[in-house]
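Asker: Sending over entry-v7.csv (CSV, C-alpha atoms and all ligand atoms).
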chain,number,residue,atom,x,y,z
R,1,MET,CA,138.2,-13.9,148.1
R,2,PHE,CA,137.1,-11.0,150.4
R,3,ARG,CA,134.9,-9.2,148.0
R,4,PRO,CA,131.6,-11.0,148.8
R,5,MET,CA,132.1,-9.9,152.4
R,6,MET,CA,132.4,-6.2,151.7
R,7,PRO,CA,128.7,-5.3,151.6
R,8,TYR,CA,128.1,-7.1,154.9
R,9,ILE,CA,131.0,-5.4,156.6
R,10,TRP,CA,129.9,-2.0,155.3
R,11,VAL,CA,126.3,-2.4,156.5
R,12,THR,CA,127.5,-3.6,159.9
R,13,MET,CA,130.0,-0.7,160.3
R,14,GLN,CA,127.3,1.8,159.1
R,15,SER,CA,124.8,0.7,161.7
R,16,LEU,CA,127.4,0.8,164.4
R,17,PHE,CA,128.9,4.2,163.7
R,18,ASP,CA,126.4,6.2,161.7
R,19,PRO,CA,123.4,7.1,163.9
R,20,ASP,CA,121.4,8.0,160.7
R,21,GLY,CA,122.2,4.8,159.0
R,22,GLY,CA,119.8,2.3,160.4
R,23,MET,CA,116.7,1.3,158.5
R,24,GLU,CA,114.7,-1.6,159.9
R,25,ALA,CA,111.7,-3.1,158.3
R,26,LEU,CA,108.8,-3.6,160.7
R,27,ALA,CA,106.4,-5.0,158.1
R,28,PRO,CA,105.8,-4.6,154.4
R,29,GLY,CA,105.2,-0.8,154.1
R,30,ALA,CA,106.6,0.0,157.6
R,31,VAL,CA,110.1,1.0,158.5
R,32,LEU,CA,112.0,2.3,161.5
R,33,LEU,CA,114.6,5.0,160.6
R,34,ARG,CA,116.9,4.9,163.6
R,35,GLY,CA,118.1,8.4,164.7
R,36,GLN,CA,116.6,10.1,161.6
R,37,ALA,CA,115.6,13.2,163.7
R,38,LEU,CA,118.7,13.3,166.0
R,39,ALA,CA,120.5,16.1,164.1
R,40,ILE,CA,117.5,18.4,164.5
R,41,ASP,CA,116.3,17.4,167.9
R,42,ALA,CA,116.8,20.8,169.5
R,43,GLU,CA,115.0,22.5,166.6
R,44,LEU,CA,112.0,20.1,166.9
R,45,LEU,CA,111.7,20.6,170.7
R,46,ALA,CA,111.8,24.4,170.3
R,47,ALA,CA,109.1,24.1,167.6
R,48,ILE,CA,107.0,22.0,170.0
R,49,ASP,CA,107.3,24.7,172.7
R,50,ALA,CA,106.2,27.3,170.2
R,51,VAL,CA,103.1,25.3,169.3
R,52,VAL,CA,102.3,24.6,172.9
R,53,ALA,CA,102.5,28.3,173.8
R,54,LYS,CA,99.5,28.8,171.4
R,55,ALA,CA,97.7,25.5,171.8
R,56,PRO,CA,98.5,24.0,175.3
R,57,PHE,CA,98.6,20.2,175.9
R,58,ARG,CA,95.3,18.9,177.2
R,59,HIS,CA,93.8,15.5,178.1
R,60,MET,CA,91.0,14.7,175.7
R,61,VAL,CA,88.0,12.5,176.4
R,62,THR,CA,87.1,9.5,174.2
R,63,PRO,CA,83.5,9.0,172.9
R,64,GLY,CA,83.3,6.3,175.6
R,65,GLY,CA,83.9,8.9,178.3
R,66,PHE,CA,87.5,8.0,179.2
R,67,GLU,CA,90.1,10.7,179.7
R,68,MET,CA,93.3,9.9,177.8
R,69,SER,CA,96.4,9.6,179.9
R,70,VAL,CA,98.5,11.0,177.1
R,71,ALA,CA,98.3,14.8,176.8
R,72,MET,CA,97.8,16.1,173.2
R,73,THR,CA,97.8,19.1,171.0
R,74,ASN,CA,98.1,19.8,167.3
R,75,CYS,CA,99.5,22.0,164.6
R,76,GLY,CA,98.8,22.3,160.9
R,77,ALA,CA,95.7,23.0,158.8
R,78,ALA,CA,93.9,20.2,160.7
R,79,GLY,CA,94.2,18.7,164.2
R,80,TRP,CA,93.1,15.3,165.5
R,81,ILE,CA,90.7,15.5,168.4
R,82,THR,CA,88.4,13.3,170.4
R,83,ASP,CA,85.5,14.3,172.6
R,84,ARG,CA,82.2,12.7,173.7
R,85,LYS,CA,80.9,13.0,170.1
R,86,SER,CA,83.6,11.3,168.0
R,87,TYR,CA,87.2,11.0,166.9
R,88,ARG,CA,87.8,13.5,164.0
R,89,TYR,CA,89.9,16.3,162.5
R,90,THR,CA,89.1,20.0,163.1
R,91,THR,CA,90.6,23.1,161.6
R,92,ASP,CA,90.2,25.0,164.9
R,93,ASP,CA,91.4,24.2,168.4
R,94,PRO,CA,88.1,23.6,170.3
R,95,GLU,CA,89.8,25.1,173.5
R,96,SER,CA,90.5,28.5,171.9
R,97,GLY,CA,88.2,28.6,168.9
R,98,ARG,CA,91.2,29.7,166.8
R,99,PRO,CA,92.9,27.7,164.0
R,100,TRP,CA,95.5,25.2,165.2
R,101,PRO,CA,99.0,26.8,165.1
R,102,ALA,CA,100.8,26.6,161.7
R,103,MET,CA,102.9,23.5,161.1
R,104,PRO,CA,106.6,24.4,161.7
R,105,PRO,CA,108.6,24.0,158.5
R,106,VAL,CA,111.1,21.7,160.3
R,107,PHE,CA,108.2,19.2,160.9
R,108,ARG,CA,107.2,19.2,157.2
R,109,LYS,CA,110.8,18.9,156.0
R,110,LEU,CA,111.5,15.9,158.3
R,111,ALA,CA,108.2,14.2,157.3
R,112,ASP,CA,109.0,14.6,153.6
R,113,ALA,CA,112.6,13.3,154.0
R,114,ALA,CA,111.6,10.3,156.2
R,115,ALA,CA,108.7,9.3,154.0
R,116,ALA,CA,110.9,9.5,150.9
R,117,LYS,CA,113.5,7.3,152.6
R,118,ALA,CA,110.8,4.8,153.4
R,119,GLY,CA,109.6,4.7,149.8
R,120,PHE,CA,106.8,7.3,149.9
R,121,PRO,CA,108.1,10.3,148.0
R,122,GLY,CA,106.2,13.6,147.8
R,123,PHE,CA,104.5,13.4,151.3
R,124,VAL,CA,103.0,16.7,152.3
R,125,PRO,CA,101.5,16.5,155.8
R,126,ASP,CA,98.7,18.9,156.7
R,127,ALA,CA,98.2,17.7,160.3
R,128,CYS,CA,100.6,17.0,163.2
R,129,LEU,CA,99.3,15.4,166.4
R,130,ILE,CA,101.8,16.1,169.3
R,131,ASN,CA,101.6,13.6,172.1
R,132,ARG,CA,103.2,14.0,175.5
R,133,TYR,CA,103.8,10.9,177.6
R,134,GLU,CA,104.8,11.0,181.3
R,135,PRO,CA,105.8,7.9,183.2
R,136,GLY,CA,102.8,5.7,183.8
R,137,THR,CA,100.9,6.8,180.7
R,138,ARG,CA,100.2,4.6,177.7
R,139,LEU,CA,98.3,4.6,174.4
R,140,SER,CA,96.3,1.4,173.7
R,141,PRO,CA,96.6,-0.2,170.2
R,142,HIS,CA,94.5,1.6,167.6
R,143,GLN,CA,94.5,2.4,163.8
R,144,ASP,CA,95.0,5.9,162.4
R,145,ARG,CA,91.9,5.9,160.2
R,146,ASP,CA,90.2,9.3,160.6
R,147,GLU,CA,92.2,10.7,157.6
R,148,ALA,CA,90.4,11.2,154.2
R,149,ASP,CA,92.8,9.2,152.0
R,150,PHE,CA,94.8,6.2,153.2
R,151,GLY,CA,97.0,6.5,150.2
R,152,HIS,CA,99.3,8.8,152.3
R,153,PRO,CA,101.7,7.3,154.9
R,154,ILE,CA,102.0,8.2,158.6
R,155,VAL,CA,105.3,9.6,159.9
R,156,SER,CA,106.0,9.2,163.6
R,157,VAL,CA,108.8,10.9,165.4
R,158,SER,CA,110.0,10.0,169.0
R,159,LEU,CA,111.7,12.5,171.3
R,160,GLY,CA,112.8,12.2,174.9
R,161,LEU,CA,112.3,9.2,177.1
R,162,PRO,CA,112.4,5.8,175.4
R,163,ALA,CA,109.2,3.8,174.9
R,164,THR,CA,108.1,0.4,173.7
R,165,PHE,CA,106.1,0.7,170.6
R,166,GLN,CA,103.7,-2.0,169.5
R,167,PHE,CA,103.2,-2.6,165.8
R,168,GLY,CA,100.7,-5.1,164.4
R,169,GLY,CA,98.6,-5.6,161.3
R,170,PRO,CA,95.2,-4.5,159.9
R,171,ARG,CA,93.2,-6.8,162.2
R,172,ARG,CA,93.0,-6.1,165.9
R,173,ALA,CA,93.8,-9.8,166.5
R,174,ASP,CA,97.1,-9.6,164.5
R,175,PRO,CA,100.1,-10.2,166.7
R,176,LEU,CA,101.8,-7.0,168.0
R,177,LYS,CA,105.6,-6.8,167.5
R,178,LYS,CA,107.4,-4.8,170.3
R,179,VAL,CA,109.9,-2.2,169.1
R,180,ALA,CA,112.1,0.0,171.4
R,181,LEU,CA,111.8,3.6,170.2
R,182,CYS,CA,114.4,6.1,171.4
R,183,HIS,CA,115.0,9.8,171.1
R,184,GLY,CA,115.4,10.7,167.4
R,185,ASP,CA,113.8,7.6,166.0
R,186,VAL,CA,111.3,7.9,163.2
R,187,VAL,CA,108.8,5.3,162.1
R,188,VAL,CA,107.0,5.4,158.7
R,189,TRP,CA,104.0,3.3,157.8
R,190,GLY,CA,102.0,3.3,154.6
R,191,GLY,CA,100.8,1.2,151.6
R,192,PRO,CA,100.0,-2.3,152.9
R,193,ALA,CA,100.8,-1.2,156.5
R,194,ARG,CA,98.8,2.0,156.5
R,195,LEU,CA,96.0,0.6,158.7
R,196,ALA,CA,98.3,-1.4,161.0
R,197,HIS,CA,97.3,-1.4,164.7
R,198,HIS,CA,99.9,0.3,166.9
R,199,GLY,CA,100.2,1.5,170.5
R,200,VAL,CA,102.7,2.5,173.2
R,201,LEU,CA,103.2,0.4,176.4
R,202,THR,CA,103.2,2.2,179.7
R,203,LEU,CA,106.1,4.6,179.8
R,204,LYS,CA,108.8,3.7,182.3
R,205,SER,CA,110.2,6.3,184.7
R,206,GLY,CA,113.4,8.0,183.6
R,207,GLU,CA,115.1,11.3,183.0
R,208,HIS,CA,116.1,12.5,179.5
R,209,PRO,CA,118.7,15.3,179.3
R,210,MET,CA,116.5,17.3,176.8
R,211,THR,CA,113.0,16.6,177.9
R,212,GLY,CA,113.2,15.5,181.6
R,213,ARG,CA,110.6,13.0,182.6
R,214,ARG,CA,108.7,13.1,179.3
R,215,ARG,CA,108.4,11.6,175.9
R,216,PHE,CA,107.1,13.5,172.9
R,217,ASN,CA,105.8,12.0,169.8
R,218,LEU,CA,104.9,13.8,166.6
R,219,THR,CA,102.5,12.0,164.2
R,220,LEU,CA,102.5,13.7,160.8
R,221,ARG,CA,99.5,12.9,158.6
R,222,LYS,CA,97.8,14.1,155.4
R,223,ALA,CA,94.3,14.3,157.0
R,224,LEU,CA,92.2,16.5,154.7
M,301,LIG,C1,100.2,7.6,168.0
M,301,LIG,O1,99.8,6.5,167.6
M,301,LIG,O2,99.4,8.6,167.9
M,301,LIG,C2,101.5,7.8,168.7
M,301,LIG,C3,102.5,6.7,168.6
M,301,LIG,C4,103.7,7.0,169.5
M,301,LIG,O3,103.6,7.7,170.5
M,301,LIG,O4,104.8,6.5,169.2
M,302,FE2,FE,98.2,6.3,166.1
Could you render the structure as structure tokens?

Answerer:
Amino acid sequence: MFRPMMPYIWVTMQSLFDPDGGMEALAPGAVLLRGQALAIDAELLAAIDAVVAKAPFRHMVTPGGFEMSVAMTNCGAAGWITDRKSYRYTTDDPESGRPWPAMPPVFRKLADAAAAKAGFPGFVPDACLINRYEPGTRLSPHQDRDEADFGHPIVSVSLGLPATFQFGGPRRADPLKKVALCHGDVVVWGGPARLAHHGVLTLKSGEHPMTGRRRFNLTLRKAL
């Protein structure tokens, strides 16, 4: 009599009590892994600090001449940049002329685990864009399409203040779903969702115990 109910009860209990249990589909090929990075949050934030000590956050300029409100830096063999010329990946930080700092192993491990959970096993990122949002900053909807091969997924990690993520489809006009992203959440998109438009609404004011008035986002890609 009760047996058919068991899987339902189990799933409900798991999402309530296991912070690493939630997996929500956003679209075919796109999933939100709730709390996937929570257990290693301090390690990730320490690794961000170490990268930033070598390659400080900066506000890049778009080819159209607009300064981005979100501050960015990179680590890995390649880093994503924008300037008056184009959006592209470079192997050197243009500010220092030196290679981008190495990708911390903890980033690579998390990306591999999250991608595998989402159905993309064997993901080996070579680029990590690190975004820093302060209240009032936003990232307008765009596609990640400067990578050489769209066969690899994107893994995106949220830390610090919560944000509203927008997730749409391959066409700019596709409707954007709003998704609340909190500290420790990881979103993975690939396959049919690889070229989905996505963005971040203006960050609301707040204070996070680990990051203060900031949100960090790591976007791990295979760029080269
Ligand atoms: C990005 O698209 O580069 C960042 C997404 C986010 O901050 O959640
Ligand atoms: Fe993006």

Asker: Write out as a PyMOL selection string which residues come within 9 Å of range 169-175 of chain R when counting all atoms listed in the file, dropping same-chain ones fewer than 3 positions away.

Answerer: chain R and resi 27+141-143+192-198

Asker: Write a file of the just-selected residues containing C-alpha atoms, as a JSON list (two decimals), keeping the file's coordinate frame.

Answerer:
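Output file selection-v4.json follows:
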[["chain", "number", "residue", "atom", "x", "y", "z"],
["R", 27, "ALA", "CA", 106.40, -5.00, 158.10],
["R", 141, "PRO", "CA", 96.60, -0.20, 170.20],
["R", 142, "HIS", "CA", 94.50, 1.60, 167.60],
["R", 143, "GLN", "CA", 94.50, 2.40, 163.80],
["R", 192, "PRO", "CA", 100.00, -2.30, 152.90],
["R", 193, "ALA", "CA", 100.80, -1.20, 156.50],
["R", 194, "ARG", "CA", 98.80, 2.00, 156.50],
["R", 195, "LEU", "CA", 96.00, 0.60, 158.70],
["R", 196, "ALA", "CA", 98.30, -1.40, 161.00],
["R", 197, "HIS", "CA", 97.30, -1.40, 164.70],
["R", 198, "HIS", "CA", 99.90, 0.30, 166.90]]

Asker: Residues within 7 Å of ligand LIG 301 (chain M), counting only C-alpha atoms and all ligand atoms: report them as a list in words.

Answerer: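 Those within range of ligand LIG 301 (chain M) are Leu129, Asn131, Ser156, Ser158, Phe165, His198, Gly199, Val200, Asn217 and Thr219 of chain R.
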
Asker: Can I get the selection written as a PDB file, in the coordinates of the input, with C-alpha atoms?

Answerer:
ATOM      1  CA  LEU R 129      99.300  15.400 166.400  1.00  0.00           C
ATOM      2  CA  ASN R 131     101.600  13.600 172.100  1.00  0.00           C
ATOM      3  CA  SER R 156     106.000   9.200 163.600  1.00  0.00           C
ATOM      4  CA  SER R 158     110.000  10.000 169.000  1.00  0.00           C
ATOM      5  CA  PHE R 165     106.100   0.700 170.600  1.00  0.00           C
ATOM      6  CA  HIS R 198      99.900   0.300 166.900  1.00  0.00           C
ATOM      7  CA  GLY R 199     100.200   1.500 170.500  1.00  0.00           C
ATOM      8  CA  VAL R 200     102.700   2.500 173.200  1.00  0.00           C
ATOM      9  CA  ASN R 217     105.800  12.000 169.800  1.00  0.00           C
ATOM     10  CA  THR R 219     102.500  12.000 164.200  1.00  0.00           C
TER      11      THR R 219
END

Asker: Have a look at R:Pro56, R:Gly22, R:Gly151, R:Pro99 and name the one nearest to Ala223 in chain R; count all atoms listed in the file.

Answerer: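 Of R:Pro56, R:Gly22, R:Gly151, R:Pro99, the one nearest Ala223 in chain R is R:Gly151, counting all atoms listed in the file.
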
Asker: Residues of range 124-152 of chain R that approach range 105-120 of chain R to 10 Å or less, counting all atoms listed in the file: could you list each one with the shortest pair of atoms and its distance in Å to one decimal, rows by chain and increasing residue number, as JSON lines?

Answerer:
{"residue": "R:Val124", "atom": "CA", "partner": "R:Asp112", "partner_atom": "CA", "distance": 6.5}
{"residue": "R:Pro125", "atom": "CA", "partner": "R:Arg108", "partner_atom": "CA", "distance": 6.5}
{"residue": "R:Asp126", "atom": "CA", "partner": "R:Arg108", "partner_atom": "CA", "distance": 8.5}
{"residue": "R:Ala127", "atom": "CA", "partner": "R:Arg108", "partner_atom": "CA", "distance": 9.6}
{"residue": "R:Cys128", "atom": "CA", "partner": "R:Phe107", "partner_atom": "CA", "distance": 8.2}
{"residue": "R:Gly151", "atom": "CA", "partner": "R:Phe120", "partner_atom": "CA", "distance": 9.8}
{"residue": "R:His152", "atom": "CA", "partner": "R:Phe120", "partner_atom": "CA", "distance": 8.0}

Asker: Expressed in Å to a single decimal, how great is the separation between CA of Thr211 in chain R and CA of Val187 in chain R?

Answerer: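 Calculated distance between CA of Thr211 in chain R and CA of Val187 in chain R is 19.9 Å.
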
Asker: Kindly give the distance, in Å, that separates CA of Arg145 in chain R and CA of Leu44 in chain R, rounded to a single decimal.

Answerer: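 The value is 25.5 Å.
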